[in-house]
$ cat protein_5.txt   # compact mmCIF, C-alpha atoms
# COMPACT_ATOMS: atom_id res chain seq x y z
CA MET A 1 128.19 72.60 137.11
CA ASN A 2 130.19 75.64 138.07
CA ASN A 3 132.72 74.81 135.39
CA LEU A 4 129.99 74.45 132.83
CA LEU A 5 128.53 77.80 133.78
CA GLN A 6 131.92 79.45 133.50
CA PHE A 7 132.44 77.83 130.14
CA VAL A 8 129.10 79.16 128.91
CA ILE A 9 129.86 82.67 130.14
CA ARG A 10 133.34 82.64 128.71
CA TYR A 11 132.27 81.50 125.28
CA SER A 12 128.84 83.12 125.29
CA ALA A 13 129.55 85.24 122.22
CA PHE A 14 130.72 82.20 120.30
CA LEU A 15 127.73 80.15 121.48
CA LEU A 16 125.32 82.92 120.47
CA PHE A 17 127.03 83.04 117.10
CA LEU A 18 126.68 79.27 116.68
CA LEU A 19 123.03 79.34 117.73
CA LEU A 20 122.08 82.07 115.27
CA GLU A 21 124.05 80.40 112.47
CA VAL A 22 122.17 77.17 113.07
CA VAL A 23 118.86 79.06 112.96
CA ALA A 24 119.89 80.77 109.70
CA LEU A 25 120.99 77.47 108.17
CA LEU A 26 117.73 75.81 109.16
CA LEU A 27 115.89 78.59 107.36
CA VAL A 28 118.06 78.10 104.28
CA VAL A 29 117.65 74.32 104.27
CA ARG A 30 113.94 74.39 104.91
CA TYR A 31 113.51 76.95 102.18
CA ASN A 32 115.66 75.03 99.72
CA GLU A 33 113.84 71.81 100.41
CA ASN A 34 110.28 72.72 99.68
CA GLN A 35 110.35 76.28 98.49
CA LYS A 36 108.18 77.28 101.41
CA SER A 37 109.10 80.44 103.15
CA ILE A 38 108.28 80.92 106.76
CA PHE A 39 107.59 84.48 107.65
CA VAL A 40 109.93 86.75 105.82
CA HIS A 41 109.11 87.22 102.19
CA SER A 42 108.69 90.07 99.78
CA SER A 43 105.01 89.31 99.27
CA SER A 44 104.51 90.84 102.70
CA LYS A 45 102.90 94.23 103.02
CA LEU A 46 105.97 96.05 104.30
CA SER A 47 108.35 95.14 101.52
CA GLY A 48 105.59 95.10 98.90
CA ASN A 49 104.57 98.67 99.65
CA LEU A 50 108.17 99.82 99.65
CA TYR A 51 108.88 98.17 96.31
CA LYS A 52 105.65 99.56 94.89
CA LEU A 53 106.64 103.05 95.94
CA ALA A 54 110.04 102.83 94.29
CA ASP A 55 108.64 101.18 91.19
CA ASP A 56 106.00 103.90 90.78
CA ALA A 57 108.71 106.52 90.76
CA ILE A 58 110.75 104.65 88.15
CA GLN A 59 107.70 103.76 86.07
CA TYR A 60 106.88 107.40 85.58
CA ASN A 61 109.88 107.83 83.29
CA HIS A 62 108.79 105.01 81.00
CA LEU A 63 105.12 105.91 80.62
CA GLN A 64 105.22 106.77 76.92
CA GLN A 65 107.31 103.71 76.07
CA THR A 66 105.00 101.45 78.07
CA ALA A 67 101.88 102.92 76.48
CA ASP A 68 103.34 102.38 72.99
CA SER A 69 104.26 98.78 73.59
CA LEU A 70 100.86 98.07 75.14
CA ALA A 71 99.13 99.56 72.10
CA VAL A 72 101.16 97.29 69.81
CA GLN A 73 100.21 94.29 71.94
CA ASN A 74 96.59 95.34 71.85
CA ALA A 75 96.61 95.52 68.07
CA GLN A 76 98.15 92.06 67.83
CA LEU A 77 95.60 90.62 70.23
CA LYS A 78 92.67 92.21 68.40
CA GLN A 79 93.91 90.77 65.15
CA LYS A 80 94.20 87.34 66.74
CA ILE A 81 90.72 87.50 68.27
CA PHE A 82 89.06 88.61 65.03
CA ASN A 83 90.81 85.87 63.08
CA LEU A 84 89.90 83.23 65.64
CA GLU A 85 86.27 84.31 65.78
CA ARG A 86 86.08 84.25 62.00
CA SER A 87 87.54 80.73 61.91
CA LEU A 88 85.18 79.64 64.67
CA GLN A 89 82.18 80.91 62.79
CA ARG A 90 83.10 78.64 59.90
CA LEU A 91 83.62 75.64 62.17
CA ALA A 92 80.69 76.05 64.52
CA PRO A 93 77.43 74.29 63.67
CA ALA A 94 74.99 76.68 62.00
CA ASP A 95 72.07 75.95 64.31
CA LYS A 96 73.84 77.14 67.47
CA PRO A 97 74.74 80.74 68.27
CA LEU A 98 78.48 81.33 68.35
CA ASP A 99 78.48 82.40 71.98
CA SER A 100 77.46 78.97 73.21
CA CYS A 101 80.41 77.36 71.42
CA LEU A 102 83.01 79.56 73.06
CA LEU A 103 84.85 78.04 75.98
CA GLU A 104 86.26 80.41 78.55
CA PRO A 105 88.56 78.33 80.68
CA TYR A 106 91.23 80.99 81.08
CA ASN A 107 91.09 84.07 83.21
CA ILE A 108 93.89 86.60 82.78
CA ILE A 109 94.86 89.02 85.54
CA ASP A 110 97.21 91.83 84.58
CA ALA A 111 99.98 92.75 86.99
CA GLN A 112 103.04 94.91 87.31
CA VAL A 113 106.44 93.56 88.34
CA ILE A 114 107.67 95.73 91.19
CA SER A 115 110.83 93.84 92.09
CA ASN A 116 112.93 91.39 90.14
CA SER A 117 116.28 89.66 90.19
CA ILE A 118 118.25 87.59 87.70
CA ASN A 119 121.68 87.17 89.21
CA GLN A 120 120.87 84.86 92.08
CA ARG A 121 120.71 81.11 92.02
CA ASN A 122 116.99 81.09 92.74
CA ASN A 123 115.43 84.18 91.31
CA HIS A 124 112.05 85.59 92.24
CA PHE A 125 109.98 88.56 91.26
CA THR A 126 107.24 90.39 93.10
CA ILE A 127 104.00 91.60 91.52
CA ASP A 128 101.47 94.14 92.73
CA ARG A 129 98.53 91.73 92.88
CA GLY A 130 97.55 89.47 95.77
CA TRP A 131 94.75 87.16 96.87
CA LYS A 132 92.40 90.14 96.86
CA ASP A 133 92.78 90.19 93.09
CA GLY A 134 92.30 86.45 92.73
CA ILE A 135 95.95 85.40 92.63
CA ARG A 136 96.54 81.88 93.94
CA LYS A 137 99.65 79.80 94.46
CA GLY A 138 100.70 77.81 91.41
CA MET A 139 99.27 80.09 88.72
CA GLY A 140 101.44 80.76 85.69
CA VAL A 141 102.80 84.21 84.91
CA ILE A 142 103.30 85.13 81.26
CA SER A 143 104.90 88.22 79.81
CA PRO A 144 104.46 89.97 76.46
CA HIS A 145 107.28 87.98 74.86
CA GLY A 146 107.14 84.65 76.64
CA ILE A 147 106.74 83.09 80.04
CA ALA A 148 107.95 84.66 83.27
CA GLY A 149 107.32 82.34 86.20
CA ILE A 150 104.94 80.62 88.58
CA ILE A 151 103.20 82.24 91.56
CA ASP A 152 104.75 81.11 94.84
CA GLN A 153 103.78 83.21 97.84
CA VAL A 154 100.52 85.14 97.87
CA GLY A 155 99.98 88.08 100.18
CA GLU A 156 96.97 90.32 100.46
CA GLN A 157 98.09 92.88 97.90
CA TYR A 158 101.36 91.48 96.63
CA SER A 159 102.64 88.10 95.50
CA THR A 160 106.01 86.65 94.70
CA ALA A 161 106.64 84.29 91.84
CA ILE A 162 109.39 81.80 91.16
CA SER A 163 111.08 83.20 88.10
CA VAL A 164 111.81 80.85 85.21
CA LEU A 165 115.41 81.65 86.18
CA ASN A 166 115.12 79.53 89.32
CA THR A 167 116.60 76.09 89.86
CA ALA A 168 113.23 74.98 91.27
CA ALA A 169 111.33 75.90 88.11
CA ARG A 170 110.40 73.04 85.77
CA ILE A 171 108.18 73.88 82.84
CA SER A 172 106.69 71.53 80.30
CA ALA A 173 107.69 72.78 76.86
CA ALA A 174 107.53 71.43 73.31
CA ILE A 175 109.10 71.92 69.90
CA LYS A 176 106.41 73.71 67.94
CA ARG A 177 107.13 72.03 64.58
CA ASN A 178 106.82 68.40 65.67
CA GLU A 179 105.36 68.59 69.18
CA TYR A 180 108.09 66.58 70.88
CA PHE A 181 108.10 67.75 74.48
CA GLY A 182 110.37 67.84 77.51
CA SER A 183 110.99 69.86 80.64
CA LEU A 184 112.52 73.28 80.60
CA ILE A 185 114.91 74.07 83.43
CA TRP A 186 117.47 76.73 84.27
CA ARG A 187 121.14 75.91 84.85
CA GLU A 188 122.11 79.16 86.60
CA ILE A 189 124.37 82.05 85.63
CA ASP A 190 123.03 82.76 82.14
CA PRO A 191 119.73 84.69 82.30
CA GLY A 192 119.30 84.52 78.52
CA HIS A 193 119.11 80.76 78.12
CA MET A 194 117.27 77.77 79.54
CA ILE A 195 117.77 74.04 79.00
CA LEU A 196 115.12 71.79 77.49
CA GLU A 197 115.70 68.21 78.62
CA ASP A 198 114.35 64.79 77.69
CA ILE A 199 113.59 65.32 74.00
CA PRO A 200 113.70 61.81 72.45
CA ARG A 201 116.51 61.15 69.97
CA GLN A 202 114.20 60.35 67.09
CA ALA A 203 112.99 63.95 67.09
CA ASP A 204 114.55 65.92 64.27
CA ILE A 205 115.73 69.25 65.52
CA ILE A 206 117.09 72.24 63.66
CA VAL A 207 118.93 75.11 65.30
CA GLY A 208 116.42 77.93 65.37
CA ASP A 209 113.40 75.70 66.04
CA THR A 210 110.64 77.40 67.99
CA ILE A 211 109.96 76.24 71.55
CA VAL A 212 106.50 76.79 73.00
CA THR A 213 104.64 75.74 76.14
CA SER A 214 103.25 72.23 75.76
CA GLY A 215 99.91 72.75 77.48
CA PHE A 216 100.27 69.48 79.38
CA SER A 217 99.96 71.27 82.68
CA PHE A 218 97.27 73.73 83.67
CA ILE A 219 99.83 76.34 84.59
CA PHE A 220 100.41 77.73 81.10
CA PRO A 221 98.08 77.60 78.10
CA LYS A 222 99.36 75.69 75.08
CA GLY A 223 101.51 77.36 72.46
CA ILE A 224 103.05 80.34 74.23
CA PHE A 225 106.27 81.27 72.47
CA ILE A 226 109.22 80.73 74.81
CA GLY A 227 112.28 80.95 72.62
CA THR A 228 114.40 79.32 69.94
CA VAL A 229 116.93 76.47 69.93
CA ASP A 230 120.51 77.73 70.03
CA ARG A 231 122.25 74.36 70.05
CA PHE A 232 121.56 70.77 71.05
CA TRP A 233 123.52 67.70 72.08
CA THR A 234 123.28 64.28 73.70
CA VAL A 235 125.09 63.34 76.86
CA GLY A 236 127.07 60.11 76.52
CA GLY A 237 124.91 57.24 75.28
CA SER A 238 121.70 58.87 76.36
CA ASN A 239 118.57 58.43 74.28
CA TYR A 240 117.57 62.01 74.83
CA TYR A 241 118.61 65.33 73.42
CA THR A 242 119.39 68.31 75.59
CA LEU A 243 118.53 71.63 73.96
CA GLU A 244 119.80 75.07 74.81
CA VAL A 245 116.92 77.49 74.35
CA ARG A 246 117.45 81.22 73.88
CA LEU A 247 114.66 82.95 75.76
CA HIS A 248 112.63 85.44 73.77
CA GLU A 249 111.73 87.41 76.88
CA ASP A 250 114.42 89.42 78.60
CA ILE A 251 113.62 88.35 82.16
CA GLY A 252 115.73 91.19 83.56
CA ARG A 253 113.37 93.72 82.02
CA LEU A 254 110.06 92.24 83.08
CA ASP A 255 107.47 94.95 83.53
CA ARG A 256 103.85 94.23 82.63
CA VAL A 257 102.93 90.59 83.13
CA TYR A 258 99.75 88.53 83.02
CA VAL A 259 98.75 85.90 85.57
CA VAL A 260 96.89 82.96 84.07
CA GLU A 261 94.06 81.37 85.99
CA PHE A 262 92.70 78.10 84.66
CA THR A 263 89.05 77.80 85.62
CA ASP A 264 87.86 74.77 83.68
CA THR A 265 86.53 72.79 86.63
CA GLU A 266 85.67 69.76 84.47
CA LEU A 267 89.29 69.28 83.58
CA THR A 268 90.94 70.22 86.82
CA THR A 269 88.85 67.82 88.89
CA GLU A 270 89.74 64.87 86.68
CA MET B 1 118.29 106.50 123.13
CA ASN B 2 120.98 109.15 122.83
CA THR B 3 121.65 111.18 119.72
CA THR B 4 124.53 109.07 118.42
CA THR B 5 122.49 105.89 118.61
CA LEU B 6 119.56 107.64 116.95
CA LYS B 7 121.79 108.92 114.17
CA GLN B 8 123.22 105.47 113.62
CA THR B 9 119.76 103.91 113.53
CA ILE B 10 118.60 106.40 110.91
CA ARG B 11 121.80 105.80 108.93
CA ALA B 12 121.21 102.04 109.10
CA ILE B 13 117.67 102.45 107.75
CA LEU B 14 118.90 104.68 104.90
CA ILE B 15 121.60 102.15 103.99
CA LEU B 16 119.04 99.33 104.02
CA LEU B 17 116.77 101.35 101.70
CA LEU B 18 119.69 102.10 99.39
CA GLN B 19 120.57 98.41 99.32
CA VAL B 20 117.12 97.01 98.52
CA LEU B 21 115.79 99.82 96.32
CA VAL B 22 118.87 100.86 94.36
CA LEU B 23 121.77 98.41 94.62
CA LYS B 24 119.54 95.36 94.18
CA ARG B 25 118.18 96.81 90.97
CA ILE B 26 121.62 97.38 89.49
CA GLY B 27 122.01 93.62 89.36
CA VAL B 28 119.05 93.39 87.00
CA GLY B 29 120.07 94.16 83.48
CA ASN B 30 121.92 92.92 80.49
CA SER B 31 125.56 93.26 81.43
CA TRP B 32 127.44 89.99 81.83
CA LEU B 33 129.22 91.30 84.92
CA TRP B 34 126.06 91.36 86.99
CA GLN B 35 125.39 87.71 86.35
CA TYR B 36 128.31 86.92 88.59
CA GLY B 37 128.07 89.60 91.16
CA ASP B 38 126.00 91.63 93.52
CA ILE B 39 126.79 94.80 95.37
CA PHE B 40 126.61 94.51 99.14
CA LEU B 41 126.77 97.79 100.98
CA TYR B 42 124.69 96.79 104.01
CA PRO B 43 127.52 94.97 105.89
CA VAL B 44 128.85 98.47 106.58
CA ILE B 45 126.07 98.81 109.19
CA VAL B 46 127.72 96.10 111.27
CA LEU B 47 131.25 97.23 110.43
CA LEU B 48 130.52 100.79 111.57
CA LEU B 49 129.19 99.76 114.99
CA PRO B 50 131.12 101.63 117.71
CA PHE B 51 133.97 99.76 119.41
CA ARG B 52 132.07 99.73 122.70
CA ILE B 53 129.25 97.58 121.26
CA SER B 54 129.74 94.09 122.68
CA ARG B 55 130.18 91.01 120.54
CA HIS B 56 126.77 89.73 121.58
CA TYR B 57 124.95 92.83 120.41
CA ALA B 58 126.91 92.92 117.18
CA ILE B 59 126.00 89.30 116.43
CA LEU B 60 122.34 89.90 117.19
CA ILE B 61 122.27 93.06 115.09
CA GLY B 62 123.97 91.17 112.25
CA PHE B 63 121.39 88.40 112.37
CA VAL B 64 118.43 90.80 112.39
CA ILE B 65 119.76 92.98 109.57
CA GLY B 66 120.53 89.85 107.56
CA LEU B 67 116.93 88.68 107.97
CA ILE B 68 115.60 92.06 106.86
CA ILE B 69 117.75 91.92 103.72
CA ASP B 70 116.61 88.32 103.14
CA MET B 71 113.02 89.48 103.20
CA PHE B 72 113.68 91.83 100.31
CA TYR B 73 115.98 89.52 98.38
CA ASP B 74 113.75 86.44 98.82
CA THR B 75 116.77 84.47 100.03
CA ILE B 76 115.51 83.26 103.38
CA GLY B 77 118.38 82.78 105.83
CA VAL B 78 121.25 83.28 103.40
CA HIS B 79 122.07 86.92 104.16
CA ALA B 80 121.35 86.28 107.85
CA PHE B 81 123.85 83.42 107.84
CA ALA B 82 126.56 85.50 106.19
CA LEU B 83 126.04 88.67 108.23
CA THR B 84 125.92 86.83 111.58
CA ALA B 85 129.29 85.33 110.74
CA THR B 86 130.60 88.73 109.64
CA ALA B 87 129.44 90.23 112.93
CA TYR B 88 131.24 87.49 114.84
CA ALA B 89 134.33 87.97 112.68
CA ARG B 90 134.18 91.70 113.49
CA GLY B 91 135.02 90.86 117.11
CA LEU B 92 137.95 88.65 116.11
CA LEU B 93 139.23 91.15 113.53
CA LEU B 94 139.01 94.03 115.98
CA ALA B 95 141.05 92.05 118.49
CA TYR B 96 143.59 91.10 115.81
CA LEU B 97 143.90 94.60 114.35
CA GLU B 98 143.97 96.38 117.72
CA PRO B 99 146.56 99.16 117.75
CA ARG B 100 149.10 99.33 120.57
CA GLY B 101 147.20 102.03 122.41
CA GLY B 102 143.91 100.19 122.21
CA TYR B 103 140.66 101.56 120.84
CA GLN B 104 138.89 104.69 121.93
CA LEU B 105 135.69 102.97 122.97
CA SER B 106 133.37 105.84 122.15
CA MET B 107 134.57 105.91 118.52
CA SER B 108 133.60 103.84 115.51
CA PRO B 109 135.97 102.18 113.04
CA THR B 110 136.06 105.08 110.57
CA ILE B 111 138.76 106.74 108.51
CA ILE B 112 138.78 109.66 110.95
CA SER B 113 139.45 107.50 114.00
CA MET B 114 141.60 104.74 112.51
CA GLY B 115 143.01 105.96 109.19
CA LEU B 116 142.45 104.78 105.64
CA ASN B 117 144.79 101.79 105.69
CA TRP B 118 143.27 100.32 108.82
CA VAL B 119 139.71 100.74 107.50
CA LEU B 120 140.73 99.22 104.18
CA THR B 121 142.19 96.12 105.85
CA PHE B 122 139.27 95.75 108.24
CA THR B 123 136.73 96.13 105.43
CA VAL B 124 138.37 93.83 102.93
CA PHE B 125 138.69 90.92 105.40
CA SER B 126 135.14 91.38 106.71
CA LEU B 127 133.69 91.56 103.21
CA LEU B 128 135.68 88.55 102.09
CA ILE B 129 134.17 86.50 104.90
CA HIS B 130 130.74 87.91 104.15
CA THR B 131 130.67 87.28 100.41
CA LEU B 132 132.34 83.87 100.64
CA LEU B 133 129.84 82.65 103.22
CA TYR B 134 126.96 84.26 101.37
CA PHE B 135 127.61 82.40 98.15
CA THR B 136 128.48 79.18 99.98
CA ALA B 137 125.12 79.29 101.76
CA GLU B 138 123.29 80.36 98.62
CA ILE B 139 124.67 77.63 96.41
CA PHE B 140 124.76 75.24 99.37
CA THR B 141 127.16 72.69 97.96
CA PHE B 142 130.90 72.73 97.42
CA VAL B 143 130.46 70.95 94.09
CA TYR B 144 130.26 74.35 92.45
CA ILE B 145 133.37 75.66 94.20
CA GLY B 146 134.52 77.43 91.02
CA GLN B 147 131.26 79.29 90.74
CA ILE B 148 131.34 80.20 94.44
CA LEU B 149 134.85 81.63 94.12
CA LEU B 150 134.09 83.53 90.92
CA LYS B 151 130.94 85.10 92.34
CA THR B 152 132.77 85.89 95.58
CA LEU B 153 135.60 87.63 93.73
CA VAL B 154 133.35 89.75 91.49
CA THR B 155 131.03 90.69 94.34
CA LEU B 156 133.94 91.45 96.66
CA ILE B 157 135.50 93.87 94.17
CA LEU B 158 132.20 95.61 93.36
CA SER B 159 131.22 95.85 97.03
CA MET B 160 134.64 97.11 98.10
CA LEU B 161 134.41 99.94 95.56
CA VAL B 162 130.97 100.99 96.79
CA LEU B 163 131.83 100.54 100.48
CA MET B 164 135.08 102.48 100.34
CA GLY B 165 133.30 105.05 98.20
CA TYR B 166 130.80 105.42 101.01
CA HIS B 167 133.62 105.92 103.54
CA LEU B 168 135.42 108.50 101.41
CA LEU B 169 132.30 110.33 100.29
CA PHE B 170 130.45 110.63 103.57
CA ASN B 171 133.41 110.24 105.91
CA PRO B 172 131.18 109.21 108.82
CA LYS B 173 132.33 110.46 112.21
CA ALA B 174 130.64 107.87 114.37
$ encode --input "protein_5.txt" --output "structure tokens"
Amino acid sequence: MNNLLQFVIRYSAFLLFLLLEVVALLLVVRYNENQKSIFVHSSSKLSGNLYKLADDAIQYNHLQQTADSLAVQNAQLKQKIFNLERSLQRLAPADKPLDSCLLEPYNIIDAQVISNSINQRNNHFTIDRGWKDGIRKGMGVISPHGIAGIIDQVGEQYSTAISVLNTAARISAAIKRNEYFGSLIWREIDPGHMILEDIPRQADIIVGDTIVTSGFSFIFPKGIFIGTVDRFWTVGGSNYYTLEVRLHEDIGRLDRVYVVEFTDTELTTE
Amino acid sequence: MNTTTLKQTIRAILILLLQVLVLKRIGVGNSWLWQYGDIFLYPVIVLLLPFRISRHYAILIGFVIGLIIDMFYDTIGVHAFALTATAYARGLLLAYLEPRGGYQLSMSPTIISMGLNWVLTFTVFSLLIHTLLYFTAEIFTFVYIGQILLKTLVTLILSMLVLMGYHLLFNPKA
């Protein structure tokens, strides 16, 4: 017993070191396994407020630029809405008012990215909206030029999202021209490209083909432009193509984003 | 809390802010270099602890600061793992690099007390351990050993430049 005690005292620094390393590794493993953080996360108030503060200061320099790009987006959206309403009017039965034919399954919440990363293995970004604003875990985040990520941790005023540049992200995507679909994943290092897997070999693919969201999950609406095919190949005797997709959105420069809430209860309860 | 400790605490907070608000952002951009590397200045908090700080305290401080950084980087446990090891290595390195006369216990390992060469050696070995363990824990498999080594090398060089820049620019006394 005495010997043991002496051993502990003698190597106490080393034992403390081992203990803390084991704790740290447990955190890493647990986090890697199920993408659940425990208590330290940037959706917390402390880090969220700090990031918000810094982002506000930086934002100030880009106000004009941001306003311009938002105006352009607005114009595009207006055009799309007018065209869609006009097409709907032609399609809708004449005896019903147009309003009753409109479905409103999607709810869009605007948000600002206040912290972002692209050079890690599992990238995240933080937005300035939390459960107070209706953000819930699992909602999709889209950006002006594509998709950005999926909400992961939700705090009161801030939330973090798994970036599309995260090895845990898996997004259902399709080739726009022929609607063959597969899952879009990220293979690290290159923040400009993602990999679209499991496209059947009978699909005809051209370099430059447009890749959009497939709409098979409720996370992202159908048809959001993701990027274009840079090259494609098959591995060994596989029956599936692997496509390298050049992302249209520059994830490193995410700024204004939109969180998509799917509220069609009929569908989601199925 | 005496004035030196207070000063060092404030310095630690400022370095943490610099790390998470400025240096983290530099990694976000278009340049290919940043895809492989990060800039870690925050290990300097542990490296600048005075000689009299015991191994135990250094290890604990390393763990806590690592967790704080993890909170901002969304890398739960990874920075904590690396910095705890760096803090432990600090004890071993200090013993290994001890000059013949021993250390002046009230001092810190700075250029003023130990000279540029000593600080350079101490820093480069500590940072090597830190970055290597960081990327090992982040990637969490030795399958990607090439990627680990590449990221370690790029990050080590970038961090060394910033860390030695900090030493030369501010020339901290304690």
$ closest_residue --input "protein_5.txt" --among "B:Ile69, B:Leu47, B:Leu161, B:Phe125" --to "Leu18 in chain B" --atoms "all atoms listed in the file"
B:Ile69
$ atom_distance --input "protein_5.txt" --atom1 "CA of Asp230 in chain A" --atom2 "CA of Phe216 in chain A"
23.8 Å
$ atom_distance --input "protein_5.txt" --atom1 "CA of Gly140 in chain A" --atom2 "CA of His79 in chain B"
28.4 Å
$ residues_around --input "protein_5.txt" --residues "range 124-129 of chain A" --least-positions-apart "3" --cutoff "8 Å" --atoms "only C-alpha atoms" --output "list in words"
Ser42, Ser43, Gly48, Lys52, Ala111, Gln112, Val113, Ile114, Ser115, Asn116, Ser117, Ile118, Lys132, Asp133, Ile135, Glu156, Gln157, Tyr158, Ser159, Thr160, Ala161, Ile162, Ser163, Leu165 and Asn166 of chain A; Asp74 of chain B
$ interface_residues --input "protein_5.txt" --of "chain B" --to "chain A" --cutoff "10 Å" --atoms "only C-alpha atoms" --output "PyMOL selection string"
chain B and resi 17+20-22+24-30+32-38+54-60+62-64+66-85+87-89+91+135+137-140+147+151
$ atom_distance --input "protein_5.txt" --atom1 "CA of Ile53 in chain B" --atom2 "CA of Arg90 in chain B"
10.9 Å
$ residues_around --input "protein_5.txt" --residues "Thr123 in chain B" --least-positions-apart "6" --cutoff "9 Å" --atoms "all atoms listed in the file" --output "PDB file with C-alpha atoms, keeping the file's coordinate frame"
ATOM      1  CA  VAL B  44     128.850  98.470 106.580  1.00  0.00           C
ATOM      2  CA  LEU B  47     131.250  97.230 110.430  1.00  0.00           C
ATOM      3  CA  MET B 160     134.640  97.110  98.100  1.00  0.00           C
ATOM      4  CA  LEU B 163     131.830 100.540 100.480  1.00  0.00           C
ATOM      5  CA  MET B 164     135.080 102.480 100.340  1.00  0.00           C
TER       6      MET B 164
END
$ residues_around --input "protein_5.txt" --residues "Pro105 in chain A" --least-positions-apart "2" --cutoff "8 Å" --atoms "all atoms listed in the file" --output "list in words"
Leu103, Asn107, Phe262, Thr263 and Asp264 of chain A
$ closest_residue --input "protein_5.txt" --among "B:Leu92, B:Leu41, B:Thr155, B:Leu168" --to "Leu120 in chain B" --atoms "all atoms listed in the file"
B:Leu168
$ closest_residue --input "protein_5.txt" --among "B:Thr4, B:Thr110, B:Thr136, B:Thr86" --to "His167 in chain B" --atoms "all atoms listed in the file"
B:Thr110
$ decode --input "protein_5.txt" --residues "range 50-55 of chain A" --atoms "all heavy atoms" --output "PDB file, in the first residue's frame"
ATOM      1  N   LEU A  50     -19.593  36.528 -28.652  1.00  0.00           N
ATOM      2  CA  LEU A  50     -18.265  37.006 -29.021  1.00  0.00           C
ATOM      3  C   LEU A  50     -18.116  37.023 -30.538  1.00  0.00           C
ATOM      4  O   LEU A  50     -17.638  37.996 -31.130  1.00  0.00           O
ATOM      5  CB  LEU A  50     -17.227  36.085 -28.388  1.00  0.00           C
ATOM      6  CG  LEU A  50     -15.823  36.646 -28.266  1.00  0.00           C
ATOM      7  CD1 LEU A  50     -15.856  37.915 -27.448  1.00  0.00           C
ATOM      8  CD2 LEU A  50     -14.927  35.618 -27.605  1.00  0.00           C
ATOM      9  N   TYR A  51     -18.528  35.938 -31.175  1.00  0.00           N
ATOM     10  CA  TYR A  51     -18.452  35.859 -32.632  1.00  0.00           C
ATOM     11  C   TYR A  51     -19.309  36.934 -33.275  1.00  0.00           C
ATOM     12  O   TYR A  51     -18.928  37.559 -34.252  1.00  0.00           O
ATOM     13  CB  TYR A  51     -18.926  34.482 -33.112  1.00  0.00           C
ATOM     14  CG  TYR A  51     -17.858  33.435 -33.103  1.00  0.00           C
ATOM     15  CD1 TYR A  51     -18.156  32.112 -32.819  1.00  0.00           C
ATOM     16  CD2 TYR A  51     -16.544  33.763 -33.411  1.00  0.00           C
ATOM     17  CE1 TYR A  51     -17.186  31.147 -32.820  1.00  0.00           C
ATOM     18  CE2 TYR A  51     -15.566  32.800 -33.420  1.00  0.00           C
ATOM     19  CZ  TYR A  51     -15.887  31.482 -33.118  1.00  0.00           C
ATOM     20  OH  TYR A  51     -14.918  30.530 -33.124  1.00  0.00           O
ATOM     21  N   LYS A  52     -20.494  37.144 -32.694  1.00  0.00           N
ATOM     22  CA  LYS A  52     -21.436  38.123 -33.235  1.00  0.00           C
ATOM     23  C   LYS A  52     -20.800  39.511 -33.206  1.00  0.00           C
ATOM     24  O   LYS A  52     -20.871  40.271 -34.165  1.00  0.00           O
ATOM     25  CB  LYS A  52     -22.716  38.085 -32.403  1.00  0.00           C
ATOM     26  CG  LYS A  52     -23.765  39.088 -32.801  1.00  0.00           C
ATOM     27  CD  LYS A  52     -24.519  38.645 -34.035  1.00  0.00           C
ATOM     28  CE  LYS A  52     -25.572  39.673 -34.425  1.00  0.00           C
ATOM     29  NZ  LYS A  52     -25.767  39.722 -35.856  1.00  0.00           N
ATOM     30  N   LEU A  53     -20.147  39.793 -32.085  1.00  0.00           N
ATOM     31  CA  LEU A  53     -19.507  41.089 -31.907  1.00  0.00           C
ATOM     32  C   LEU A  53     -18.460  41.329 -32.989  1.00  0.00           C
ATOM     33  O   LEU A  53     -18.434  42.365 -33.642  1.00  0.00           O
ATOM     34  CB  LEU A  53     -18.841  41.112 -30.521  1.00  0.00           C
ATOM     35  CG  LEU A  53     -18.795  42.438 -29.792  1.00  0.00           C
ATOM     36  CD1 LEU A  53     -20.200  42.856 -29.426  1.00  0.00           C
ATOM     37  CD2 LEU A  53     -17.937  42.292 -28.539  1.00  0.00           C
ATOM     38  N   ALA A  54     -17.598  40.337 -33.171  1.00  0.00           N
ATOM     39  CA  ALA A  54     -16.534  40.462 -34.160  1.00  0.00           C
ATOM     40  C   ALA A  54     -17.114  40.546 -35.564  1.00  0.00           C
ATOM     41  O   ALA A  54     -16.659  41.329 -36.400  1.00  0.00           O
ATOM     42  CB  ALA A  54     -15.593  39.277 -34.053  1.00  0.00           C
ATOM     43  N   ASP A  55     -18.141  39.741 -35.816  1.00  0.00           N
ATOM     44  CA  ASP A  55     -18.725  39.719 -37.152  1.00  0.00           C
ATOM     45  C   ASP A  55     -19.384  41.057 -37.473  1.00  0.00           C
ATOM     46  O   ASP A  55     -19.296  41.547 -38.590  1.00  0.00           O
ATOM     47  CB  ASP A  55     -19.754  38.586 -37.252  1.00  0.00           C
ATOM     48  CG  ASP A  55     -20.179  38.343 -38.679  1.00  0.00           C
ATOM     49  OD1 ASP A  55     -19.306  37.942 -39.461  1.00  0.00           O
ATOM     50  OD2 ASP A  55     -21.338  38.586 -39.003  1.00  0.00           O
TER      51      ASP A  55
END
